Each structure stands twice: as structure tokens, then as C-alpha cells.
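Chemist: One structure is given below, represented as C-alpha cells, and several questions about it will come after.
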Amino acid sequence: MRKVIYPGTFDPVTYGHIDIVRRAIDLFDEVNVTIAVNPNKAVTLFTADERIFLLKESLKEFDNVYVDYFTGLTVDHAREVGAVGIIRGLRAVSDFEFEFQMALMNRKLAGDIATIFLMPHEKYTYLNSSLIRNLANLKSDVSDFVPPCVQEALAKKFK
Ligand code: ADP
């Protein structure tokens, strides 16, 4: 039974995140999609509970994928749930430097937990949650980028 965690902010979840989950579940037995709650971080558009709801709704077609949240160190959460690795998505070279630093730091903290990078379909490589928030705020159509439940939630936030 090989389990991995997929940590992120998911504010909100997009088709790019879902593409990564799909690739991860093809490789591993169980994927724990987990919201990194950082009490010191700038406020998010959606609360942790709203993000959990939207993730659960968006990922309900998948077996062996579950959603939760954690505070504290990612590697500690990975250990707590018995994961062998951490999934991260790589969109473009611009993601690389930050992800590389974090992966090496996590390896230093927990040498037994691997970081696995997955690349989404090309059509999602320019997609990130902050762009989606901006588009929704400007009342632009986001249906190509996020599932219907997220579209609805965005429409309510920005009505
Ligand atoms: P963002 O706000 O950039 O979407 P998150 O913290 O929610 O970031 O992302 C969690 C993980 O998912 C990160 O590894 C990030 O690189 C990855 N990710 C985010 N969007 C995409 C996408 N469109 N395609 C692939 N991976 C993605």
C-alpha cells in the first residue's frame, strides 16, 4: 500500500490540480490531498472548510483519494498518515527553483520521504489559483479552468 500526500493551498482547486491528482492515483494506491493551513500566511479567498468542501466535491469521481488539512511541517503530516512521498506539480521553469529548494529541504528533514514532481497536460501549464481568483473577480468566464462547484462558489464570492 503506497500512499502519497499532495499538499497545497488550493484557493481554489483548478483543473490543473485535478490533472495532477489523476496522474498521482495512476502511480500510487492512495492520494491524500491536503490543505496546508498556515496561520501566518496572508488571508485566502476561501476558508479551509470551503476549500475542503470544493476539493471533495471536485474529486468525488476518484477512488482512493481523500481530502484533509494540516498545520505545521509537510514532512510531519506525510509521516503521520504513513505516506512514502510528497506530490508536487511542475508547470513551468518558473516553478522549479522554489520547488527544488523545498524538495531538498524536505529531504534534509526527512530523508525517507521522496518528493515526486508531476507535469500536467500542457493546456494547464499556465493555470494557477490566483489567476482564477482575478478572472472571477472581473466576472470573466472560468468554466474552462475550474469544475462547476468552484465556478458557483466564485460567483457567490464576487457577486
Ligand atoms: P497555486 O496557487 O500556484 O495553484 P497551490 O499551492 O494550490 O498553488 O498548488 C499546490 C501544488 O499544485 C503545487 O505543487 C503547484 O505547483 C501545483 N499546481 C498548481 N496549479 C497547477 C497546474 N495548473 N498544473 C500543475 N500543477 C499545479
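Ligands are numbered from 1 in the order shown, residues from 1 within each chain, and chains are lettered A, B, ... in the order they appear in the C-alpha cells.
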How would you report the residues lying within 8 Å of ligand 1, as JSON, numbers by chain, if you count only C-alpha atoms and all ligand atoms?
Modeler: {"A": [6, 7, 8, 9, 10, 11, 12, 13, 14, 15, 16, 17, 19, 20, 87, 88, 89, 90, 91, 95, 99, 117, 118, 119, 120, 121, 124, 125, 126, 127, 128, 129, 130]}
Chemist: Need to verify the contact set: Ala153 of chain A, 12 Å, only C-alpha atoms, exclusion of same-chain residues closer than 5 positions in sequence. Can you return it as a PyMOL selection string?
Modeler: chain A and resi 11-13+45-47+50-51+53-55+57+133+136-137+142+146-148+158-159
Chemist: For Asp29 of chain A, list every protein, DNA or RNA residue within 12 Å, evaluated using only C-alpha atoms, and leave out those in the same chain fewer than 6 positions away; present the list as an MDAnalysis selection string.
Modeler: chainID A and resid 1:5 21:23 62:66 83:85
Chemist: Tell me, which residues of segment 35-141 of chain A carry DSSP helix (DSSP H, G or I), written as a count of residues only?
Modeler: 47
Chemist: When you count only C-alpha atoms, which of these residues is closest to Val37 of chain A: A:Ile25, A:Lys60, A:Leu131, A:Tyr69?
Modeler: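 Among A:Ile25, A:Lys60, A:Leu131, A:Tyr69, it is A:Tyr69 that comes nearest to Val37 of chain A.
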Chemist: Could you check which of A:Leu138, A:Val81, A:Ile52, A:Ala92 is closest to Val150 of chain A, using only C-alpha atoms?
Modeler: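 Checking each of A:Leu138, A:Val81, A:Ile52, A:Ala92 against Val150 of chain A, counting only C-alpha atoms, the winner is A:Ile52.
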Chemist: Using only C-alpha atoms, which of the listed residues (A:Ala48, A:Cys149, A:Leu135, A:Ala78) sits closest to Thr115 of chain A?
Modeler: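 Closest to Thr115 of chain A, using only C-alpha atoms: A:Ala78.
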Chemist: Which of chain A counts as strand (DSSP E) under DSSP, as a VMD selection string please?
Modeler: chain A and resid 3 to 8 30 to 36 65 to 70 85 to 89 114 to 118
Chemist: Point out the residue among A:Ile86, A:Val93, A:Ala155, A:Ile132 with the least atom-to-atom distance to Ile113 of chain A, counting only C-alpha atoms.
Modeler: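 Closest to Ile113 of chain A, using only C-alpha atoms: A:Ile86.
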Chemist: With distances taken over only C-alpha atoms, which residue among A:Asn32, A:Gln101, A:Ser58, A:Ser143 lies nearest Glu80 of chain A?
Modeler: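 With only C-alpha atoms as the atom set, the closest residue is A:Asn32.
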